[in-house]
$ cat entry.tsv   # TSV, C-alpha atoms
chain	number	residue	atom	x	y	z
A	1	MET	CA	0.00	0.00	0.00
A	2	ALA	CA	1.48	3.33	-1.09
A	3	ARG	CA	0.41	6.94	-0.74
A	4	GLN	CA	-0.80	8.90	-3.71
A	5	LYS	CA	1.48	11.68	-4.88
A	6	GLY	CA	0.57	14.91	-6.62
A	7	PRO	CA	-1.73	17.89	-6.01
A	8	PHE	CA	-4.94	15.83	-6.19
A	9	THR	CA	-6.19	12.63	-4.56
A	10	ILE	CA	-8.65	10.29	-6.29
A	11	SER	CA	-10.74	7.27	-5.43
A	12	GLY	CA	-11.74	4.40	-7.69
A	13	THR	CA	-10.04	1.83	-9.88
A	14	LEU	CA	-7.88	2.50	-12.92
A	15	GLY	CA	-6.50	-0.56	-14.65
A	16	ASP	CA	-5.24	-2.89	-11.96
A	17	ILE	CA	-4.77	-0.18	-9.30
A	18	ASN	CA	-7.26	0.75	-6.57
A	19	TYR	CA	-7.19	4.39	-5.41
A	20	TYR	CA	-8.89	5.35	-2.17
A	21	ILE	CA	-8.87	8.00	0.57
A	22	ALA	CA	-8.64	7.29	4.29
A	23	ARG	CA	-8.63	10.08	6.90
A	24	GLY	CA	-7.86	12.64	4.24
A	25	ILE	CA	-4.83	10.76	2.87
A	26	GLY	CA	-4.81	9.19	-0.60
A	27	TYR	CA	-3.58	5.60	-0.98
A	28	GLU	CA	-3.14	3.20	-3.85
A	29	ARG	CA	-2.77	-0.56	-4.07
A	30	LYS	CA	-3.04	-3.34	-6.60
A	31	ALA	CA	-6.66	-4.28	-7.36
A	32	GLY	CA	-8.00	-7.65	-6.35
A	33	GLY	CA	-8.85	-9.35	-3.10
A	34	GLY	CA	-11.31	-8.19	-0.51
A	35	PHE	CA	-15.06	-8.05	-1.04
A	36	ASP	CA	-17.26	-5.56	-2.82
A	37	GLY	CA	-20.51	-4.30	-1.34
A	38	TYR	CA	-22.72	-6.25	-3.74
A	39	ALA	CA	-21.01	-9.54	-2.90
A	40	ILE	CA	-21.36	-8.93	0.83
A	41	LYS	CA	-25.08	-8.21	0.43
A	42	THR	CA	-25.92	-11.10	-1.89
A	43	LYS	CA	-23.49	-14.03	-1.65
A	44	ALA	CA	-24.51	-16.92	0.57
A	45	SER	CA	-20.90	-17.31	1.67
A	46	MET	CA	-21.04	-13.76	3.05
A	47	GLN	CA	-23.91	-14.53	5.45
A	48	PRO	CA	-21.60	-14.64	8.51
A	49	VAL	CA	-20.31	-11.17	7.54
A	50	ARG	CA	-23.88	-9.87	7.29
A	51	ASP	CA	-24.76	-11.46	10.63
A	52	ASN	CA	-21.78	-9.85	12.36
A	53	TYR	CA	-22.62	-6.49	10.79
A	54	ASN	CA	-26.24	-6.66	12.02
A	55	GLU	CA	-25.24	-7.55	15.57
A	56	PHE	CA	-22.50	-4.91	15.65
A	57	GLY	CA	-24.96	-2.26	14.46
A	58	THR	CA	-27.48	-3.24	17.14
A	59	CYS	CA	-24.83	-3.00	19.86
A	60	SER	CA	-23.64	0.34	18.50
A	61	ARG	CA	-27.14	1.85	18.72
A	62	LEU	CA	-27.57	0.40	22.19
A	63	SER	CA	-24.24	1.82	23.36
A	64	LYS	CA	-25.21	5.28	22.12
A	65	HIS	CA	-28.55	5.32	23.95
A	66	PHE	CA	-27.07	3.81	27.11
A	67	ARG	CA	-24.41	6.53	27.21
A	68	LEU	CA	-27.04	9.21	26.63
A	69	ALA	CA	-29.16	7.76	29.44
A	70	LEU	CA	-26.21	8.07	31.84
A	71	SER	CA	-24.98	11.41	30.49
A	72	PRO	CA	-25.25	13.25	33.85
A	73	PHE	CA	-22.59	10.86	35.19
A	74	LEU	CA	-20.37	11.11	32.11
A	75	ILE	CA	-20.12	14.88	31.60
A	76	GLY	CA	-16.45	15.77	31.34
A	77	ILE	CA	-15.31	12.45	29.91
A	78	LYS	CA	-13.79	12.98	26.47
A	79	GLY	CA	-12.27	10.78	23.79
A	80	LYS	CA	-13.20	7.45	22.23
A	81	LEU	CA	-12.19	5.28	25.17
A	82	LEU	CA	-15.63	5.31	26.81
A	83	TYR	CA	-17.34	4.36	23.53
A	84	SER	CA	-14.90	1.56	22.67
A	85	ARG	CA	-14.99	0.01	26.16
A	86	MET	CA	-18.79	0.12	26.32
A	87	MET	CA	-19.04	-1.41	22.85
A	88	GLN	CA	-16.75	-4.24	23.96
A	89	LEU	CA	-18.94	-4.75	27.03
A	90	PHE	CA	-22.15	-5.05	25.03
A	91	LEU	CA	-20.57	-7.22	22.34
A	92	SER	CA	-19.35	-9.59	25.06
A	93	ILE	CA	-22.81	-9.72	26.68
A	94	LYS	CA	-24.49	-10.17	23.29
A	95	ALA	CA	-22.29	-13.20	22.58
A	96	LEU	CA	-23.82	-14.92	25.65
A	97	ASP	CA	-27.25	-15.01	23.98
A	98	GLY	CA	-27.72	-18.74	23.40
A	99	ILE	CA	-31.35	-18.48	22.28
A	100	SER	CA	-31.42	-16.13	19.29
A	101	ILE	CA	-30.07	-17.16	15.89
A	102	ARG	CA	-26.76	-15.68	14.69
A	103	GLY	CA	-27.38	-12.20	13.34
A	104	LYS	CA	-30.18	-11.65	15.86
A	105	ARG	CA	-28.25	-12.21	19.10
A	106	ASN	CA	-28.76	-9.30	21.48
A	107	VAL	CA	-27.73	-7.83	24.82
A	108	LYS	CA	-31.16	-8.27	26.42
A	109	GLN	CA	-30.96	-12.04	26.07
A	110	GLY	CA	-27.29	-12.04	27.11
A	111	LEU	CA	-28.29	-10.31	30.34
A	112	GLN	CA	-30.58	-13.23	31.18
A	113	THR	CA	-27.42	-15.20	31.96
A	114	THR	CA	-25.50	-14.97	35.22
A	115	LYS	CA	-22.28	-14.24	33.36
A	116	GLY	CA	-23.93	-11.43	31.39
A	117	LYS	CA	-25.24	-9.77	34.55
A	118	ASN	CA	-21.82	-10.09	36.20
A	119	LEU	CA	-20.13	-8.43	33.23
A	120	LEU	CA	-22.42	-5.42	33.64
A	121	LYS	CA	-22.16	-5.38	37.45
A	122	GLN	CA	-18.36	-5.34	37.25
A	123	TYR	CA	-18.23	-2.61	34.60
A	124	ALA	CA	-16.45	0.63	35.48
A	125	LEU	CA	-17.63	3.49	33.30
A	126	THR	CA	-14.27	5.15	33.98
A	127	TYR	CA	-10.95	3.71	35.08
A	128	GLN	CA	-11.10	2.00	38.48
A	129	THR	CA	-8.96	4.22	40.67
A	130	PRO	CA	-8.13	3.15	44.25
A	131	LEU	CA	-10.79	5.64	45.42
A	132	ILE	CA	-13.51	4.03	43.28
A	133	LYS	CA	-12.47	0.53	44.32
A	134	ALA	CA	-12.56	1.50	48.00
A	135	LEU	CA	-15.99	3.14	47.75
A	136	THR	CA	-17.51	0.08	46.09
A	137	ALA	CA	-15.76	-2.25	48.56
A	138	HIS	CA	-17.20	-0.30	51.53
A	139	GLY	CA	-20.65	0.05	49.93
A	140	ARG	CA	-23.74	-2.14	49.97
A	141	PHE	CA	-26.66	-1.46	47.65
A	142	ASN	CA	-30.23	-2.48	48.49
A	143	TRP	CA	-32.69	-2.66	45.56
A	144	GLU	CA	-35.79	-2.72	47.76
A	145	ARG	CA	-34.89	0.63	49.32
A	146	GLN	CA	-32.72	1.75	46.40
A	147	GLN	CA	-30.23	2.77	49.04
A	148	LEU	CA	-26.43	2.72	48.86
A	149	THR	CA	-24.87	2.48	52.32
A	150	ILE	CA	-21.14	3.17	52.66
A	151	ARG	CA	-19.57	2.31	56.00
A	152	ASP	CA	-16.22	3.14	57.59
A	153	PHE	CA	-14.83	5.00	54.59
A	154	ASN	CA	-11.81	7.28	55.12
A	155	PRO	CA	-11.39	9.81	52.26
A	156	SER	CA	-8.11	11.15	53.66
A	157	LEU	CA	-6.33	7.94	52.59
A	158	PHE	CA	-6.68	8.58	48.85
A	159	LYS	CA	-4.98	10.71	46.24
A	160	LYS	CA	-6.92	13.78	45.11
A	161	PRO	CA	-6.38	16.90	42.98
A	162	LYS	CA	-4.37	19.60	44.71
A	163	ALA	CA	-7.28	22.05	44.76
A	164	ALA	CA	-9.86	19.52	45.97
A	165	THR	CA	-11.55	20.13	49.31
A	166	HIS	CA	-14.45	17.66	48.94
A	167	ILE	CA	-15.54	14.50	47.18
A	168	GLY	CA	-19.06	14.59	45.74
A	169	LEU	CA	-20.94	11.29	45.51
A	170	THR	CA	-24.18	10.76	43.60
A	171	LEU	CA	-26.31	7.63	43.22
A	172	GLY	CA	-28.29	7.05	40.04
A	173	ILE	CA	-30.99	4.46	39.29
A	174	LEU	CA	-31.42	3.85	35.56
A	175	ASP	CA	-34.51	2.10	34.18
A	176	PHE	CA	-33.52	1.00	30.66
A	177	ASP	CA	-35.69	-0.66	28.00
A	178	PHE	CA	-33.44	-2.76	25.75
A	179	ASP	CA	-36.24	-3.12	23.18
A	180	SER	CA	-37.29	0.51	22.62
A	181	LEU	CA	-34.04	2.03	24.01
A	182	ALA	CA	-36.17	4.37	26.15
A	183	SER	CA	-34.97	5.11	29.67
A	184	SER	CA	-35.51	7.09	32.86
A	185	LEU	CA	-32.91	8.12	35.44
A	186	HIS	CA	-33.46	9.09	39.09
A	187	VAL	CA	-30.56	10.50	41.10
A	188	SER	CA	-29.80	11.25	44.71
A	189	PRO	CA	-28.68	14.61	46.08
A	190	THR	CA	-24.90	14.87	45.93
A	191	TYR	CA	-23.27	13.92	49.21
A	192	PHE	CA	-20.11	15.90	49.99
A	193	LEU	CA	-17.20	14.42	51.93
A	194	ASP	CA	-14.35	16.56	53.26
A	195	VAL	CA	-11.18	15.07	51.75
A	196	CYS	CA	-9.40	15.51	55.09
A	197	SER	CA	-12.08	13.90	57.23
A	198	GLY	CA	-11.58	10.58	58.99
A	199	SER	CA	-13.57	7.38	58.80
A	200	THR	CA	-17.29	7.97	58.26
A	201	SER	CA	-20.52	6.20	57.28
A	202	PHE	CA	-23.42	7.56	55.20
A	203	TYR	CA	-26.07	6.52	52.70
A	204	LEU	CA	-27.48	7.73	49.37
A	205	VAL	CA	-31.08	7.43	48.12
A	206	PRO	CA	-32.60	8.90	44.92
A	207	ASN	CA	-34.97	11.84	45.28
A	208	LYS	CA	-37.64	9.63	43.73
A	209	VAL	CA	-37.67	5.92	44.56
A	210	LYS	CA	-39.42	4.00	41.78
A	211	VAL	CA	-39.21	0.30	40.99
A	212	PRO	CA	-37.68	-0.16	37.50
A	213	VAL	CA	-40.25	-1.29	34.95
A	214	HIS	CA	-37.68	-2.71	32.53
A	215	PHE	CA	-34.04	-3.32	33.52
A	216	GLY	CA	-32.57	-1.49	36.50
A	217	VAL	CA	-28.95	-0.37	36.77
A	218	ALA	CA	-27.51	1.33	39.86
A	219	VAL	CA	-24.60	3.72	39.21
A	220	LEU	CA	-22.30	5.67	41.52
A	221	GLY	CA	-20.80	8.95	40.33
A	222	ILE	CA	-17.69	10.45	41.95
A	223	ARG	CA	-16.36	13.97	41.39
A	224	PHE	CA	-13.95	16.29	43.17
A	225	TYR	CA	-14.95	19.80	44.27
A	226	SER	CA	-13.43	22.87	45.82
A	227	ILE	CA	-15.24	25.40	48.00
A	228	GLU	CA	-15.34	28.93	46.67
A	229	GLY	CA	-17.22	31.15	49.09
A	230	ASP	CA	-20.31	29.18	50.01
A	231	GLU	CA	-20.43	27.16	46.80
A	232	PHE	CA	-19.08	23.77	45.76
A	233	CYS	CA	-17.30	24.14	42.43
A	234	GLU	CA	-16.60	21.02	40.38
A	235	LEU	CA	-12.97	20.55	39.37
A	236	PRO	CA	-12.27	19.77	35.70
A	237	ARG	CA	-11.27	16.27	34.64
A	238	SER	CA	-12.07	14.77	38.04
A	239	VAL	CA	-14.82	12.35	37.04
A	240	GLY	CA	-15.42	8.76	38.08
A	241	ALA	CA	-18.39	6.46	37.60
A	242	VAL	CA	-19.03	2.78	38.20
A	243	VAL	CA	-21.93	0.33	37.92
A	244	LEU	CA	-22.94	-0.92	41.37
A	245	ASP	CA	-25.60	-3.50	40.56
A	246	CYS	CA	-28.38	-4.45	38.16
A	247	THR	CA	-31.75	-6.14	38.53
A	248	ASP	CA	-32.32	-9.85	37.87

$ encode --input "entry.tsv" --output "structure tokens"
Amino acid sequence: MARQKGPFTISGTLGDINYYIARGIGYERKAGGGFDGYAIKTKASMQPVRDNYNEFGTCSRLSKHFRLALSPFLIGIKGKLLYSRMMQLFLSIKALDGISIRGKRNVKQGLQTTKGKNLLKQYALTYQTPLIKALTAHGRFNWERQQLTIRDFNPSLFKKPKAATHIGLTLGILDFDFDSLASSLHVSPTYFLDVCSGSTSFYLVPNKVKVPVHFGVAVLGIRFYSIEGDEFCELPRSVGAVVLDCTD
């Protein structure tokens, strides 16, 4: 594969050379090999390719709506890492669907398995820092009360931004419909912990406790703040979020 040279870049086939453009750069290579769009759509031998494409597209749409549903917990997270990791999560759960035929396998059926639920329960929306790991280790979530109780947690033991005076913790309960991709999210008031305080216990409950109609996911959001006057001001690039539990 070689780059095109000259003032113009072209795409197409001339003679036995394919010309194409990728990310604004022109390339050329000898024609032959690969598959054209018509063959992929029509050949029986290409059915596995079509099946994979259909399942990938379904997971991609699901990932988009799931991220949008949790957007209050993800504000400030940039880059493609969140998208790629969530796609890998849903593709892995989809592969556990042992009921649907290939091409129709889906995350909803994958979540009917114990392994599928565990993959979601163990999913960290952001990197698992020691702070996040400690909070989840000290926490117990109760679906009946929709209450997260954290006991004997000492925030002074963990690394924090230089300007941080407090850790803000928020609980979210997501009700997500894997068929229609509709959702609702109820969150708790943010609980503020002084970063220099000693061991403490507390609990978080959403403002509105409502039993999920579809599939429930409990999420914990963690952010650092500084006090300016009488206000808590969120520090940039200090975001953490993790899945706590999901319904059966």

$ atom_distance --input "entry.tsv" --atom1 "atom CA of A:Phe202" --atom2 "atom CA of A:Pro72"
22.2 Å

$ closest_atom_pairs --input "entry.tsv" --of "stretch 83-190 of chain A" --to "stretch 227-242 of chain A" --cutoff "8 Å" --atoms "all atoms listed in the file" --output "CSV"
residue,atom,partner,partner_atom,distance
A:Tyr123,CA,A:Val242,CA,6.5
A:Ala124,CA,A:Val242,CA,4.3
A:Leu125,CA,A:Val242,CA,5.1
A:Thr126,CA,A:Gly240,CA,5.6
A:Tyr127,CA,A:Gly240,CA,7.4
A:Gln128,CA,A:Val242,CA,8.0
A:Ile132,CA,A:Gly240,CA,7.3
A:Pro161,CA,A:Ser238,CA,7.8
A:Ala163,CA,A:Leu235,CA,8.0
A:Ala164,CA,A:Leu235,CA,7.4
A:Thr165,CA,A:Ile227,CA,6.6
A:His166,CA,A:Ile227,CA,7.8

$ closest_residue --input "entry.tsv" --among "A:Glu55, A:Lys64, A:Leu120, A:Arg151" --to "A:Asn106" --atoms "all atoms listed in the file"
A:Glu55

$ closest_residue --input "entry.tsv" --among "A:Val243, A:Met46, A:Leu62, A:Leu81" --to "A:Asp177" --atoms "all atoms listed in the file"
A:Leu62

$ residues_around --input "entry.tsv" --residues "A:Ser184" --least-positions-apart "4" --cutoff "9 Å" --atoms "all atoms listed in the file" --output "ChimeraX atom specification"
/A:69,173-176,212

$ closest_residue --input "entry.tsv" --among "A:Ser71, A:Asn154, A:Gln122, A:Asn52" --to "A:Leu91" --atoms "all atoms listed in the file"
A:Asn52

$ atom_distance --input "entry.tsv" --atom1 "atom CA of A:Phe56" --atom2 "atom CA of A:Arg102"
11.6 Å

$ atom_distance --input "entry.tsv" --atom1 "atom CA of A:Ile167" --atom2 "atom CA of A:Phe153"
12.1 Å

$ closest_residue --input "entry.tsv" --among "A:Gly198, A:Pro48, A:Gly76, A:Gly116" --to "A:Ser92" --atoms "only C-alpha atoms"
A:Gly116

$ closest_residue --input "entry.tsv" --among "A:Ala134, A:Leu89, A:Cys246, A:Ala182" --to "A:Val217" --atoms "all atoms listed in the file"
A:Cys246

$ residues_around --input "entry.tsv" --residues "stretch 170-172 of chain A" --least-positions-apart "4" --cutoff "7 Å" --atoms "all atoms listed in the file" --output "ChimeraX atom specification"
/A:185-191,204-206,218-222

$ closest_residue --input "entry.tsv" --among "A:Lys160, A:Lys80, A:Lys210, A:Lys108" --to "A:Trp143" --atoms "all atoms listed in the file"
A:Lys210

$ residues_around --input "entry.tsv" --residues "A:Tyr83" --least-positions-apart "5" --cutoff "12 Å" --atoms "only C-alpha atoms" --output "ChimeraX atom specification"
/A:59-68,74,77-78,88-90,125-126

$ build_atoms --input "entry.tsv" --residues "stretch 139-150 of chain A" --atoms "all heavy atoms" --output "JSON list (two decimals), in the frame of the given file"
[["chain", "number", "residue", "atom", "x", "y", "z"],
["A", 139, "GLY", "N", -19.24, -0.23, 50.17],
["A", 139, "GLY", "CA", -20.65, 0.05, 49.93],
["A", 139, "GLY", "C", -21.50, -1.20, 49.78],
["A", 139, "GLY", "O", -21.03, -2.24, 49.32],
["A", 140, "ARG", "N", -22.74, -1.09, 50.16],
["A", 140, "ARG", "CA", -23.74, -2.14, 49.97],
["A", 140, "ARG", "C", -25.00, -1.50, 49.41],
["A", 140, "ARG", "O", -25.53, -0.54, 50.00],
["A", 140, "ARG", "CB", -24.05, -2.84, 51.30],
["A", 140, "ARG", "CG", -22.89, -3.64, 51.88],
["A", 140, "ARG", "CD", -22.57, -4.85, 51.02],
["A", 140, "ARG", "NE", -21.47, -5.62, 51.58],
["A", 140, "ARG", "CZ", -20.18, -5.40, 51.31],
["A", 140, "ARG", "NH1", -19.84, -4.42, 50.48],
["A", 140, "ARG", "NH2", -19.24, -6.15, 51.87],
["A", 141, "PHE", "N", -25.48, -2.04, 48.29],
["A", 141, "PHE", "CA", -26.66, -1.46, 47.65],
["A", 141, "PHE", "C", -27.86, -2.37, 47.87],
["A", 141, "PHE", "O", -27.77, -3.58, 47.71],
["A", 141, "PHE", "CB", -26.43, -1.24, 46.17],
["A", 141, "PHE", "CG", -27.62, -0.65, 45.46],
["A", 141, "PHE", "CD1", -27.92, 0.70, 45.63],
["A", 141, "PHE", "CD2", -28.44, -1.43, 44.68],
["A", 141, "PHE", "CE1", -29.05, 1.25, 45.01],
["A", 141, "PHE", "CE2", -29.55, -0.90, 44.05],
["A", 141, "PHE", "CZ", -29.85, 0.45, 44.22],
["A", 142, "ASN", "N", -28.99, -1.75, 48.22],
["A", 142, "ASN", "CA", -30.23, -2.48, 48.49],
["A", 142, "ASN", "C", -31.28, -2.05, 47.45],
["A", 142, "ASN", "O", -31.69, -0.88, 47.42],
["A", 142, "ASN", "CB", -30.73, -2.17, 49.91],
["A", 142, "ASN", "CG", -31.99, -2.93, 50.26],
["A", 142, "ASN", "OD1", -33.04, -2.73, 49.68],
["A", 142, "ASN", "ND2", -31.87, -3.82, 51.25],
["A", 143, "TRP", "N", -31.74, -3.01, 46.62],
["A", 143, "TRP", "CA", -32.69, -2.66, 45.56],
["A", 143, "TRP", "C", -34.07, -2.32, 46.12],
["A", 143, "TRP", "O", -34.78, -1.48, 45.58],
["A", 143, "TRP", "CB", -32.81, -3.80, 44.56],
["A", 143, "TRP", "CG", -31.86, -3.67, 43.41],
["A", 143, "TRP", "CD1", -30.79, -4.45, 43.13],
["A", 143, "TRP", "CD2", -31.90, -2.67, 42.39],
["A", 143, "TRP", "NE1", -30.14, -4.00, 42.00],
["A", 143, "TRP", "CE2", -30.80, -2.92, 41.53],
["A", 143, "TRP", "CE3", -32.72, -1.59, 42.11],
["A", 143, "TRP", "CZ2", -30.54, -2.12, 40.42],
["A", 143, "TRP", "CZ3", -32.46, -0.79, 41.01],
["A", 143, "TRP", "CH2", -31.38, -1.07, 40.17],
["A", 144, "GLU", "N", -34.46, -2.97, 47.20],
["A", 144, "GLU", "CA", -35.79, -2.72, 47.76],
["A", 144, "GLU", "C", -35.92, -1.27, 48.21],
["A", 144, "GLU", "O", -36.93, -0.61, 47.95],
["A", 144, "GLU", "CB", -36.05, -3.67, 48.92],
["A", 144, "GLU", "CG", -37.44, -3.54, 49.51],
["A", 144, "GLU", "CD", -37.70, -4.52, 50.63],
["A", 144, "GLU", "OE1", -36.82, -5.38, 50.89],
["A", 144, "GLU", "OE2", -38.78, -4.43, 51.26],
["A", 145, "ARG", "N", -34.88, -0.77, 48.86],
["A", 145, "ARG", "CA", -34.89, 0.63, 49.32],
["A", 145, "ARG", "C", -34.23, 1.57, 48.32],
["A", 145, "ARG", "O", -34.33, 2.79, 48.47],
["A", 145, "ARG", "CB", -34.16, 0.73, 50.65],
["A", 145, "ARG", "CG", -34.77, -0.08, 51.78],
["A", 145, "ARG", "CD", -33.94, 0.05, 53.04],
["A", 145, "ARG", "NE", -34.48, -0.72, 54.15],
["A", 145, "ARG", "CZ", -33.90, -0.83, 55.33],
["A", 145, "ARG", "NH1", -32.76, -0.19, 55.56],
["A", 145, "ARG", "NH2", -34.46, -1.54, 56.28],
["A", 146, "GLN", "N", -33.55, 0.98, 47.34],
["A", 146, "GLN", "CA", -32.72, 1.75, 46.40],
["A", 146, "GLN", "C", -31.75, 2.65, 47.17],
["A", 146, "GLN", "O", -31.59, 3.84, 46.88],
["A", 146, "GLN", "CB", -33.59, 2.55, 45.44],
["A", 146, "GLN", "CG", -34.37, 1.67, 44.47],
["A", 146, "GLN", "CD", -35.10, 2.45, 43.39],
["A", 146, "GLN", "OE1", -34.87, 3.64, 43.21],
["A", 146, "GLN", "NE2", -35.95, 1.77, 42.65],
["A", 147, "GLN", "N", -31.13, 2.04, 48.15],
["A", 147, "GLN", "CA", -30.23, 2.77, 49.04],
["A", 147, "GLN", "C", -28.82, 2.20, 48.96],
["A", 147, "GLN", "O", -28.61, 1.00, 49.06],
["A", 147, "GLN", "CB", -30.74, 2.68, 50.47],
["A", 147, "GLN", "CG", -29.83, 3.34, 51.52],
["A", 147, "GLN", "CD", -30.44, 3.32, 52.90],
["A", 147, "GLN", "OE1", -31.54, 3.82, 53.11],
["A", 147, "GLN", "NE2", -29.72, 2.75, 53.86],
["A", 148, "LEU", "N", -27.85, 3.10, 48.79],
["A", 148, "LEU", "CA", -26.43, 2.72, 48.86],
["A", 148, "LEU", "C", -25.91, 3.16, 50.22],
["A", 148, "LEU", "O", -25.92, 4.35, 50.55],
["A", 148, "LEU", "CB", -25.63, 3.40, 47.75],
["A", 148, "LEU", "CG", -24.10, 3.23, 47.84],
["A", 148, "LEU", "CD1", -23.72, 1.76, 47.68],
["A", 148, "LEU", "CD2", -23.39, 4.08, 46.81],
["A", 149, "THR", "N", -25.45, 2.19, 51.01],
["A", 149, "THR", "CA", -24.87, 2.48, 52.32],
["A", 149, "THR", "C", -23.36, 2.25, 52.25],
["A", 149, "THR", "O", -22.91, 1.18, 51.84],
["A", 149, "THR", "CB", -25.48, 1.57, 53.40],
["A", 149, "THR", "OG1", -26.90, 1.74, 53.42],
["A", 149, "THR", "CG2", -24.91, 1.91, 54.77],
["A", 150, "ILE", "N", -22.60, 3.27, 52.64],
["A", 150, "ILE", "CA", -21.14, 3.17, 52.66],
["A", 150, "ILE", "C", -20.69, 3.33, 54.11],
["A", 150, "ILE", "O", -21.00, 4.33, 54.76],
["A", 150, "ILE", "CB", -20.49, 4.23, 51.76],
["A", 150, "ILE", "CG1", -20.90, 3.99, 50.30],
["A", 150, "ILE", "CG2", -18.97, 4.21, 51.90],
["A", 150, "ILE", "CD1", -20.34, 4.98, 49.32]]
